[in-house]
Amino acid sequence: MKSPLLKRVLTSFSVGFDAAPSCVVHAPGRVNLIGEHTDYNDGFVLPCAIDYHTLVAAQPRDDRLVRVVAADYGNKLDEFSLDAPIKPLTAGDMGWANYVRGMVKMLLDHGLPLRGAELAVAGNVPQGAGLSSSASLEVAIGQAFKTLQGFDELSATEIALLAQKAENRFVGINCGIMDQLISARGAAGHALLIDCRSLDAAPVHLPDDVAVLIVHSRVKRGLVDSEYNTRRQQCEAAARHYGVPALRDVDEARLLAERGSLDERVFRRARHIVTENQRTLDAAEALAANDLRRMGELMAASHASMRDDFEITVPAIDQLVEILQGVIGTAGGARMTGGGFGGCVVALLPEAMVDAARTAIEAQYRAPSGEAATVYVCHPSAGAGPI
Ligand code: GAF
């Protein structure tokens, strides 16, 4: 990889440490094709890793210090010792450092004999867009220590689980496993059908002439943290009502038959999860069979369910989806992707339609702020590893 991003991380390393690194690793962001909010219900998701990455350049130190420079934040430096309790910094312009600190703490707590290190970080995953820039940073830090110290026994799944722990316990975001797992285990040219209970992941090949389009609405994902936690609580309440460990264990027949006096809103939250799990399994089959028409129907149903039952879309996102669906027709599909309340829409469409989609968005869409949407054409990519 000889990219501007690689150049940037190497320059940052040399500015920070006046040396060349002994290794450079990458971890990708992700886009979820279908299966939204199902991960923390032990259900199914179908994301792919994208060709936007976080890179970490690293070299070991002889002492117990970790020093990190962030290329994307004016080469700001964070420094902490492996021998003192690792604590979060109060956000400000050092918010990025908490993902690094959190991941290092989880690696240590996992019992790995970490040495001090010098690290430079640079990324091109759009931030605040819901494309998992933070998960890719956590996974890249795990991968950097694995590569630097030869922790061959540390599997990609373990890195993902530690990254999720860092996010949950250190950064304080109660996310599921999807983002970290796809960043660690993504497969080039494929989406992964992930069973979020067993963590089995089956690659699903994407048809060669199909483009993965991500459209950033430029709507800031304002409510995402508080509303995300509310949705989790509602799903947990529904699982308690049905007497199961997670909504993964309820099918559509049981959802209706045992509804009883379940609160109407909580019932709709549960209906989204139960139907979304089935749609995700069906989507993996449709994609594997190159059935883009069926995939498009499932994406449309997923979007409607997120809008009407789970209530995590916003009008600008609904509008973007409608514009894309108008261009794509039955040749593919479009839906909101990620946690919700702004962020991005994903579309699968024949490559030959990409220009028409761009033109329609440019002509018909503006965010409430007046900004135009940003369009990214992505390629399903491999998970984290050395460069
Ligand atoms: C966010 C979370 F981090 C994921 O775990 C997942 O729940 C997603 O929202 C919704 O599908 O990206």
# chains A, B, ... in the order shown; residues from 1 in each chain; ligands from 1

call {"tool": "residues_near_ligand", "arguments": {"ligand": "ligand 1", "cutoff": "9 Å", "atoms": "only C-alpha atoms and all ligand atoms", "output": "CSV table (one decimal) with N, CA and C atoms, in the first residue's frame"}}
result
chain,number,residue,atom,x,y,z
A,32,ASN,N,-22.6,-1.5,7.1
A,32,ASN,CA,-23.5,-2.7,7.3
A,32,ASN,C,-24.5,-2.7,6.2
A,34,ILE,N,-27.1,-5.0,6.0
A,34,ILE,CA,-28.4,-5.2,6.6
A,34,ILE,C,-28.2,-5.9,8.0
A,35,GLY,N,-29.2,-5.8,8.9
A,35,GLY,CA,-29.0,-6.3,10.2
A,35,GLY,C,-28.6,-5.3,11.2
A,36,GLU,N,-29.6,-4.3,11.5
A,36,GLU,CA,-29.3,-3.2,12.3
A,36,GLU,C,-29.8,-3.3,13.7
A,37,HIS,N,-29.0,-3.1,14.7
A,37,HIS,CA,-29.3,-3.2,16.1
A,37,HIS,C,-29.6,-4.6,16.5
A,38,THR,N,-29.3,-5.6,15.6
A,38,THR,CA,-29.5,-7.0,16.0
A,38,THR,C,-28.3,-7.6,16.7
A,39,ASP,N,-27.1,-6.9,16.6
A,39,ASP,CA,-25.9,-7.5,17.2
A,39,ASP,C,-26.0,-7.7,18.7
A,40,TYR,N,-26.6,-6.7,19.4
A,40,TYR,CA,-26.6,-6.8,20.9
A,40,TYR,C,-27.9,-7.6,21.3
A,41,ASN,N,-28.6,-8.1,20.3
A,41,ASN,CA,-29.7,-9.0,20.6
A,41,ASN,C,-29.3,-10.4,20.2
A,45,VAL,N,-25.9,-10.1,11.5
A,45,VAL,CA,-25.6,-8.9,10.8
A,45,VAL,C,-24.9,-9.2,9.5
A,130,GLY,N,-20.7,7.3,11.2
A,130,GLY,CA,-21.3,6.0,11.5
A,130,GLY,C,-20.6,4.9,10.6
A,131,LEU,N,-19.4,5.1,10.3
A,131,LEU,CA,-18.6,4.1,9.5
A,131,LEU,C,-17.5,3.5,10.3
A,132,SER,N,-17.7,3.6,11.7
A,132,SER,CA,-16.8,2.9,12.6
A,132,SER,C,-15.4,3.3,12.6
A,135,ALA,N,-14.0,2.1,16.0
A,135,ALA,CA,-13.7,0.7,16.1
A,135,ALA,C,-12.5,0.3,15.3
A,164,GLN,N,-14.2,-4.2,21.7
A,164,GLN,CA,-15.6,-3.9,22.2
A,164,GLN,C,-15.6,-3.6,23.7
A,167,GLU,N,-14.5,-0.1,24.3
A,167,GLU,CA,-15.6,0.9,23.9
A,167,GLU,C,-16.6,0.9,25.1
A,173,ILE,N,-19.3,3.6,25.7
A,173,ILE,CA,-20.4,3.4,24.7
A,173,ILE,C,-20.8,2.0,24.7
A,174,ASN,N,-22.1,1.7,24.9
A,174,ASN,CA,-22.6,0.4,25.1
A,174,ASN,C,-22.8,-0.4,23.8
A,175,CYS,N,-21.9,-0.4,22.9
A,175,CYS,CA,-22.1,-1.0,21.5
A,175,CYS,C,-22.1,-2.5,21.6
A,176,GLY,N,-22.6,-3.1,20.5
A,176,GLY,CA,-22.5,-4.5,20.3
A,176,GLY,C,-21.1,-4.9,19.7
A,177,ILE,N,-21.0,-6.1,19.1
A,177,ILE,CA,-19.7,-6.6,18.6
A,177,ILE,C,-19.5,-6.4,17.1
A,178,MET,N,-20.6,-5.9,16.4
A,178,MET,CA,-20.5,-5.9,14.9
A,178,MET,C,-19.3,-5.1,14.4
A,179,ASP,N,-19.1,-3.9,14.8
A,179,ASP,CA,-18.1,-3.0,14.2
A,179,ASP,C,-16.7,-3.5,14.4
A,180,GLN,N,-16.4,-3.9,15.6
A,180,GLN,CA,-15.0,-4.4,15.9
A,180,GLN,C,-14.8,-5.7,15.2
A,224,VAL,N,-27.4,9.9,19.1
A,224,VAL,CA,-27.2,8.4,18.9
A,224,VAL,C,-26.8,7.7,20.3
A,228,TYR,N,-29.5,5.2,21.6
A,228,TYR,CA,-29.0,3.8,21.4
A,228,TYR,C,-29.2,3.0,22.7
A,232,ARG,N,-31.5,-0.3,23.5
A,232,ARG,CA,-31.0,-1.6,24.1
A,232,ARG,C,-31.9,-2.0,25.3
A,337,THR,N,-27.8,2.9,7.2
A,337,THR,CA,-26.9,2.0,7.8
A,337,THR,C,-26.3,2.5,9.1
A,338,GLY,N,-26.1,1.6,10.0
A,338,GLY,CA,-25.4,2.1,11.3
A,338,GLY,C,-26.4,2.4,12.4
A,339,GLY,N,-26.0,3.0,13.4
A,339,GLY,CA,-26.8,3.2,14.6
A,339,GLY,C,-28.0,4.1,14.5
A,340,GLY,N,-28.0,5.0,13.5
A,340,GLY,CA,-29.2,5.8,13.3
A,340,GLY,C,-29.0,7.3,13.7

call {"tool": "residues_around", "arguments": {"residues": "region 247-249 of chain A", "least_positions_apart": "5", "cutoff": "9 Å", "atoms": "only C-alpha atoms", "output": "PDB file with C-alpha atoms, in the first residue's frame"}}
result
ATOM      1  CA  THR A  38     -29.458  -6.986  15.956  1.00  0.00           C
ATOM      2  CA  ASN A  41     -29.712  -9.020  20.622  1.00  0.00           C
ATOM      3  CA  ASP A  42     -27.434 -11.995  19.832  1.00  0.00           C
ATOM      4  CA  GLY A  43     -28.734 -11.869  16.241  1.00  0.00           C
ATOM      5  CA  PHE A  44     -27.357 -11.666  12.693  1.00  0.00           C
ATOM      6  CA  ARG A 197     -24.061 -15.193  19.539  1.00  0.00           C
ATOM      7  CA  CYS A 235     -34.965  -4.803  23.604  1.00  0.00           C
ATOM      8  CA  GLU A 236     -33.871  -6.231  26.964  1.00  0.00           C
ATOM      9  CA  ALA A 238     -38.927  -7.333  25.486  1.00  0.00           C
ATOM     10  CA  ALA A 239     -36.610 -10.332  25.928  1.00  0.00           C
ATOM     11  CA  TYR A 242     -40.813 -13.391  26.295  1.00  0.00           C
ATOM     12  CA  ALA A 270     -38.993  -6.237  19.302  1.00  0.00           C
ATOM     13  CA  ILE A 273     -35.313  -7.072  15.757  1.00  0.00           C
ATOM     14  CA  VAL A 274     -37.198 -10.302  15.058  1.00  0.00           C
ATOM     15  CA  ASN A 277     -32.860 -11.109  11.880  1.00  0.00           C
TER      16      ASN A 277
END

call {"tool": "residues_around", "arguments": {"residues": "Val31 (chain A)", "least_positions_apart": "2", "cutoff": "7 Å", "atoms": "only C-alpha atoms", "output": "compact mmCIF listing (two decimals) with N, CA and C atoms, in the first residue's frame"}}
result
# COMPACT_ATOMS: atom_id res chain seq x y z
N LEU A 33 -24.60 -3.87 5.50
CA LEU A 33 -25.56 -3.98 4.39
C LEU A 33 -26.97 -4.20 4.91
N PRO A 47 -22.32 -7.08 7.53
CA PRO A 47 -21.51 -5.91 7.15
C PRO A 47 -20.37 -6.29 6.21
N CYS A 48 -19.77 -5.28 5.57
CA CYS A 48 -18.47 -5.54 4.95
C CYS A 48 -17.48 -4.46 5.41
N ALA A 49 -16.21 -4.87 5.48
CA ALA A 49 -15.14 -3.90 5.76
C ALA A 49 -14.96 -3.08 4.49
N ILE A 50 -14.59 -1.80 4.65
CA ILE A 50 -14.46 -0.93 3.47
C ILE A 50 -13.01 -0.48 3.29
N LEU A 131 -19.37 5.13 10.27
CA LEU A 131 -18.65 4.11 9.49
C LEU A 131 -17.54 3.47 10.33
N THR A 337 -27.81 2.93 7.18
CA THR A 337 -26.88 1.96 7.75
C THR A 337 -26.30 2.52 9.05

call {"tool": "residues_around", "arguments": {"residues": "Ala166 (chain A)", "least_positions_apart": "5", "cutoff": "7 Å", "atoms": "only C-alpha atoms", "output": "tab-separated table (two decimals) with C-alpha atoms, in the first residue's frame"}}
result
chain	number	residue	atom	x	y	z
A	102	GLY	CA	-8.78	1.85	26.41
A	103	MET	CA	-7.43	-0.75	24.00
A	106	MET	CA	-7.80	-4.22	27.73
A	171	VAL	CA	-14.95	5.00	26.41

call {"tool": "closest_residue", "arguments": {"among": "A:Gly342, A:Gly296, A:Ala352, A:Ala253", "to": "Thr330 (chain A)", "atoms": "only C-alpha atoms"}}
result
A:Gly296

call {"tool": "residues_around", "arguments": {"residues": "Ala211 (chain A)", "least_positions_apart": "3", "cutoff": "7 Å", "atoms": "only C-alpha atoms", "output": "MDAnalysis selection string"}}
result
chainID A and resid 348:351 377

call {"tool": "write_last_selection", "arguments": {"atoms": "N, CA and C atoms", "output": "compact mmCIF listing (two decimals), in the first residue's frame"}}
result
# COMPACT_ATOMS: atom_id res chain seq x y z
N LEU A 348 -26.72 -0.78 -2.77
CA LEU A 348 -26.08 -1.76 -3.65
C LEU A 348 -26.72 -1.56 -5.01
N LEU A 349 -25.90 -1.36 -6.02
CA LEU A 349 -26.46 -1.08 -7.35
C LEU A 349 -25.45 -1.46 -8.42
N PRO A 350 -25.94 -1.70 -9.65
CA PRO A 350 -24.99 -2.02 -10.72
C PRO A 350 -24.02 -0.85 -10.90
N GLU A 351 -22.75 -1.15 -11.16
CA GLU A 351 -21.75 -0.08 -11.32
C GLU A 351 -22.19 0.95 -12.35
N VAL A 377 -17.72 5.52 -3.12
CA VAL A 377 -17.87 4.19 -3.73
C VAL A 377 -16.83 3.29 -3.06

call {"tool": "atom_distance", "arguments": {"atom1": "CA of Gln325 (chain A)", "atom2": "CA of Glu227 (chain A)"}}
result
26.9 Å
